[in-house]
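A.B. asks: Contents of my_file39.txt (compact mmCIF, C-alpha atoms):
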# COMPACT_ATOMS: atom_id res chain seq x y z
CA MET R 1 0.00 0.00 0.00
CA THR R 2 1.33 3.44 -0.90
CA ALA R 3 1.70 6.18 1.69
CA GLU R 4 -1.04 8.13 -0.09
CA ALA R 5 -3.45 5.17 0.08
CA ALA R 6 -2.63 4.60 3.75
CA ARG R 7 -3.30 8.27 4.48
CA ALA R 8 -6.65 8.12 2.64
CA ASP R 9 -7.59 5.00 4.63
CA ALA R 10 -6.69 6.77 7.89
CA ILE R 11 -8.89 9.75 7.00
CA VAL R 12 -11.85 7.52 6.11
CA GLU R 13 -11.37 5.42 9.24
CA CYS R 14 -11.29 8.57 11.36
CA ALA R 15 -14.44 9.96 9.70
CA ARG R 16 -16.27 6.67 10.22
CA ARG R 17 -15.61 6.89 13.96
CA TRP R 18 -17.85 9.98 13.90
CA ILE R 19 -20.83 8.06 12.45
CA GLY R 20 -23.73 8.20 14.89
CA THR R 21 -22.72 11.57 16.31
CA PRO R 22 -25.93 13.62 16.55
CA TYR R 23 -26.38 16.74 14.46
CA ARG R 24 -25.62 19.91 16.42
CA HIS R 25 -25.29 23.20 14.54
CA GLN R 26 -21.74 24.60 14.85
CA ALA R 27 -20.58 21.71 17.06
CA SER R 28 -17.45 19.62 16.47
CA CYS R 29 -17.29 16.96 19.19
CA ARG R 30 -17.29 13.29 18.21
CA GLY R 31 -20.10 11.45 19.96
CA ALA R 32 -21.68 14.62 21.37
CA GLY R 33 -22.57 16.68 18.30
CA ALA R 34 -21.40 17.95 14.95
CA ASP R 35 -22.62 19.63 11.81
CA CYS R 36 -20.98 18.98 8.44
CA LEU R 37 -18.24 21.54 8.99
CA GLY R 38 -17.75 20.28 12.54
CA LEU R 39 -17.16 16.77 11.21
CA LEU R 40 -14.52 18.08 8.81
CA ARG R 41 -12.91 20.14 11.57
CA GLY R 42 -12.85 17.13 13.90
CA VAL R 43 -11.25 14.86 11.32
CA TRP R 44 -8.73 17.64 10.58
CA ARG R 45 -7.77 17.84 14.29
CA GLU R 46 -7.37 14.06 14.57
CA VAL R 47 -5.46 13.54 11.32
CA ILE R 48 -3.71 16.84 10.53
CA GLY R 49 -3.35 18.71 13.83
CA PRO R 50 -4.56 22.10 15.06
CA GLU R 51 -7.25 23.77 12.96
CA PRO R 52 -5.78 26.24 10.45
CA GLU R 53 -8.15 29.12 11.19
CA ALA R 54 -10.89 30.12 13.59
CA VAL R 55 -14.40 29.44 12.32
CA PRO R 56 -16.71 32.43 12.74
CA SER R 57 -20.23 31.96 14.04
CA TYR R 58 -22.65 31.12 11.23
CA THR R 59 -26.38 30.70 10.82
CA ARG R 60 -28.09 27.81 9.04
CA ASP R 61 -28.69 30.04 5.99
CA TRP R 62 -25.17 31.52 5.99
CA SER R 63 -23.86 32.99 2.76
CA GLU R 64 -27.22 32.57 0.99
CA ALA R 65 -28.34 36.21 1.23
CA GLY R 66 -25.10 37.59 -0.16
CA ARG R 67 -24.63 34.60 -2.49
CA SER R 68 -20.99 34.41 -1.41
CA GLU R 69 -19.11 31.14 -1.71
CA ASP R 70 -17.58 31.30 1.78
CA LEU R 71 -17.26 27.53 2.21
CA LEU R 72 -15.55 27.05 -1.15
CA ALA R 73 -13.22 29.96 -0.38
CA ALA R 74 -12.29 28.48 3.01
CA ALA R 75 -11.73 25.06 1.43
CA GLY R 76 -9.45 26.69 -1.13
CA ARG R 77 -7.44 28.39 1.61
CA ASN R 78 -6.97 25.31 3.77
CA LEU R 79 -7.25 22.25 1.54
CA LEU R 80 -5.60 21.29 -1.75
CA PRO R 81 -7.96 21.72 -4.72
CA ILE R 82 -8.15 18.66 -6.98
CA GLU R 83 -10.11 17.83 -10.10
CA ARG R 84 -13.36 15.94 -9.49
CA VAL R 85 -12.10 12.98 -11.55
CA GLU R 86 -9.07 12.69 -9.22
CA ALA R 87 -11.17 12.65 -6.04
CA GLY R 88 -11.43 9.43 -4.10
CA PRO R 89 -11.67 8.05 -0.58
CA GLY R 90 -10.31 10.45 2.02
CA ASP R 91 -10.89 13.52 -0.12
CA VAL R 92 -13.34 16.30 0.68
CA ALA R 93 -16.40 17.21 -1.35
CA VAL R 94 -18.02 20.63 -1.00
CA LEU R 95 -21.63 20.51 -2.14
CA ARG R 96 -24.58 22.71 -3.00
CA MET R 97 -27.75 21.69 -1.18
CA ARG R 98 -29.85 22.89 -4.09
CA GLU R 99 -29.22 23.65 -7.73
CA LEU R 100 -27.83 27.16 -8.22
CA GLY R 101 -27.52 27.62 -4.45
CA VAL R 102 -24.27 28.48 -2.73
CA ALA R 103 -22.05 25.61 -1.61
CA LYS R 104 -22.78 25.09 2.08
CA HIS R 105 -22.36 21.39 2.75
CA VAL R 106 -19.23 19.29 3.10
CA GLY R 107 -18.41 15.62 3.41
CA ILE R 108 -15.58 13.12 3.15
CA LEU R 109 -15.56 10.70 0.24
CA ALA R 110 -15.26 6.98 0.96
CA ARG R 111 -16.10 3.56 -0.53
CA SER R 112 -18.41 0.88 0.82
CA ARG R 113 -17.22 -2.69 1.18
CA ARG R 114 -18.95 -3.41 -2.13
CA GLY R 115 -16.94 -0.64 -3.77
CA ASP R 116 -19.74 1.93 -4.10
CA ALA R 117 -18.76 5.58 -3.69
CA THR R 118 -20.06 7.01 -0.41
CA LEU R 119 -20.08 10.31 1.44
CA ILE R 120 -19.53 10.64 5.20
CA HIS R 121 -21.31 13.80 6.30
CA ALA R 122 -23.60 15.33 8.90
CA TYR R 123 -26.91 16.95 8.28
CA SER R 124 -29.93 18.06 10.23
CA GLY R 125 -32.23 15.25 11.31
CA HIS R 126 -29.65 12.56 10.55
CA GLY R 127 -26.40 13.35 12.37
CA VAL R 128 -23.17 11.91 10.98
CA VAL R 129 -23.96 9.21 8.44
CA GLU R 130 -22.37 7.45 5.50
CA SER R 131 -24.58 7.77 2.43
CA THR R 132 -24.23 6.25 -1.01
CA LEU R 133 -22.97 8.94 -3.37
CA THR R 134 -26.04 8.78 -5.57
CA PRO R 135 -26.26 10.78 -8.80
CA ALA R 136 -28.38 13.32 -6.88
CA TRP R 137 -25.55 13.87 -4.37
CA ALA R 138 -22.79 13.69 -7.01
CA ARG R 139 -24.30 16.44 -9.18
CA ARG R 140 -24.31 18.77 -6.15
CA ILE R 141 -20.52 18.64 -5.80
CA ALA R 142 -19.15 22.15 -6.32
CA GLY R 143 -15.51 21.35 -5.56
CA THR R 144 -13.22 18.58 -4.42
CA PHE R 145 -10.18 18.92 -2.21
CA ARG R 146 -7.47 16.89 -0.52
CA PHE R 147 -6.24 17.25 3.05
CA PRO R 148 -2.73 18.75 3.25
CA GLU R 149 0.09 16.97 5.04
CA GLY R 150 -0.23 17.43 8.78
CA SER R 151 1.73 17.40 11.97
CA ASN R 152 -0.02 14.34 13.52
Go ahead and render the structure in this file as structure tokens.
C.D. replies:
Amino acid sequence: MTAEAARADAIVECARRWIGTPYRHQASCRGAGADCLGLLRGVWREVIGPEPEAVPSYTRDWSEAGRSEDLLAAAGRNLLPIERVEAGPGDVAVLRMRELGVAKHVGILARSRRGDATLIHAYSGHGVVESTLTPAWARRIAGTFRFPEGSN
């Protein structure tokens, strides 16, 4: 196994440990509560090290009124942009929750034991789950990114 594959496996394994964590807006505590960004932040802390920047308070409809792509901009500052066709397990997908909406959802790509593409993410009413990356989810992807090398 290559170092890159081992790193991807470690990221997915870490994200899967968050499955079952209840949804809590702005939270990032495995087992206690997380939203989608909180899941990403928690995996970052466990795999990379200290978070790269402070996360400002945000509402559930953040960035919609101004139509600003705040989540994509933050991903571009802190993660390594990759082409969608290069994305695989352990990479990050930033998604739009509705067509033509701003990107405001994030998840970690994975694969099921059967080899199906999946997304580990948190959303209201479901908590942290692993969902099949259906065509409906896949067409919402606005950008894909890779975690940088970390200190952990």
A.B. asks: Name the residues in contact with stretch 127-138 of chain R at a cut-off of 8 Å, using only C-alpha atoms, excluding same-chain residues fewer than 5 positions from it; report them as an mmCIF file with C-alpha atoms, in the frame of the given file.
C.D. replies:
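Saved file result_17.cif follows:
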data_model
loop_
_atom_site.group_PDB
_atom_site.id
_atom_site.type_symbol
_atom_site.label_atom_id
_atom_site.label_comp_id
_atom_site.auth_asym_id
_atom_site.auth_seq_id
_atom_site.Cartn_x
_atom_site.Cartn_y
_atom_site.Cartn_z
ATOM 1 C CA ARG R 16 -16.270 6.670 10.220
ATOM 2 C CA TRP R 18 -17.850 9.980 13.900
ATOM 3 C CA ILE R 19 -20.830 8.060 12.450
ATOM 4 C CA GLY R 20 -23.730 8.200 14.890
ATOM 5 C CA THR R 21 -22.720 11.570 16.310
ATOM 6 C CA PRO R 22 -25.930 13.620 16.550
ATOM 7 C CA TYR R 23 -26.380 16.740 14.460
ATOM 8 C CA ARG R 24 -25.620 19.910 16.420
ATOM 9 C CA GLY R 33 -22.570 16.680 18.300
ATOM 10 C CA ALA R 34 -21.400 17.950 14.950
ATOM 11 C CA ASP R 35 -22.620 19.630 11.810
ATOM 12 C CA CYS R 36 -20.980 18.980 8.440
ATOM 13 C CA LEU R 39 -17.160 16.770 11.210
ATOM 14 C CA ASP R 116 -19.740 1.930 -4.100
ATOM 15 C CA ALA R 117 -18.760 5.580 -3.690
ATOM 16 C CA THR R 118 -20.060 7.010 -0.410
ATOM 17 C CA LEU R 119 -20.080 10.310 1.440
ATOM 18 C CA ILE R 120 -19.530 10.640 5.200
ATOM 19 C CA HIS R 121 -21.310 13.800 6.300
ATOM 20 C CA ALA R 122 -23.600 15.330 8.900
#
A.B. asks: Neighbouring residues of stretch 10-15 of chain R were defined as those with any atom within 7 Å, considering only C-alpha atoms; residues of the same chain fewer than 3 positions away were excluded. Please report them as a VMD selection string.
C.D. replies: chain R and resid 6 to 7 18 43 47 89 to 90 110 120
A.B. asks: Go through R:Arg17, R:Glu46, R:Gly143, R:Ile82 one by one, measure the shortest atom-to-atom distance of each to R:Gly31 using only C-alpha atoms, and give the residue with the smallest value.
C.D. replies: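 Residue with the minimum atom-to-atom distance to R:Gly31: R:Arg17.
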A.B. asks: Figure out the distance between atom CA of R:Arg96 and atom CA of R:Arg146, please, to one decimal in Å.
C.D. replies: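 Interatomic distance, atom CA of R:Arg146 to atom CA of R:Arg96: 18.2 Å.
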A.B. asks: Rank nothing, just name the residue among R:Arg140, R:Arg77, R:Arg114, R:His126 nearest to R:Ala93, using all atoms listed in the file.
C.D. replies: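 Smallest distance to R:Ala93 is found for R:Arg140.
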A.B. asks: In Å to one decimal, how far is atom CA of R:Ser124 from atom CA of R:Leu80?
C.D. replies: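 For atom CA of R:Leu80 relative to atom CA of R:Ser124, the distance reads 27.3 Å.
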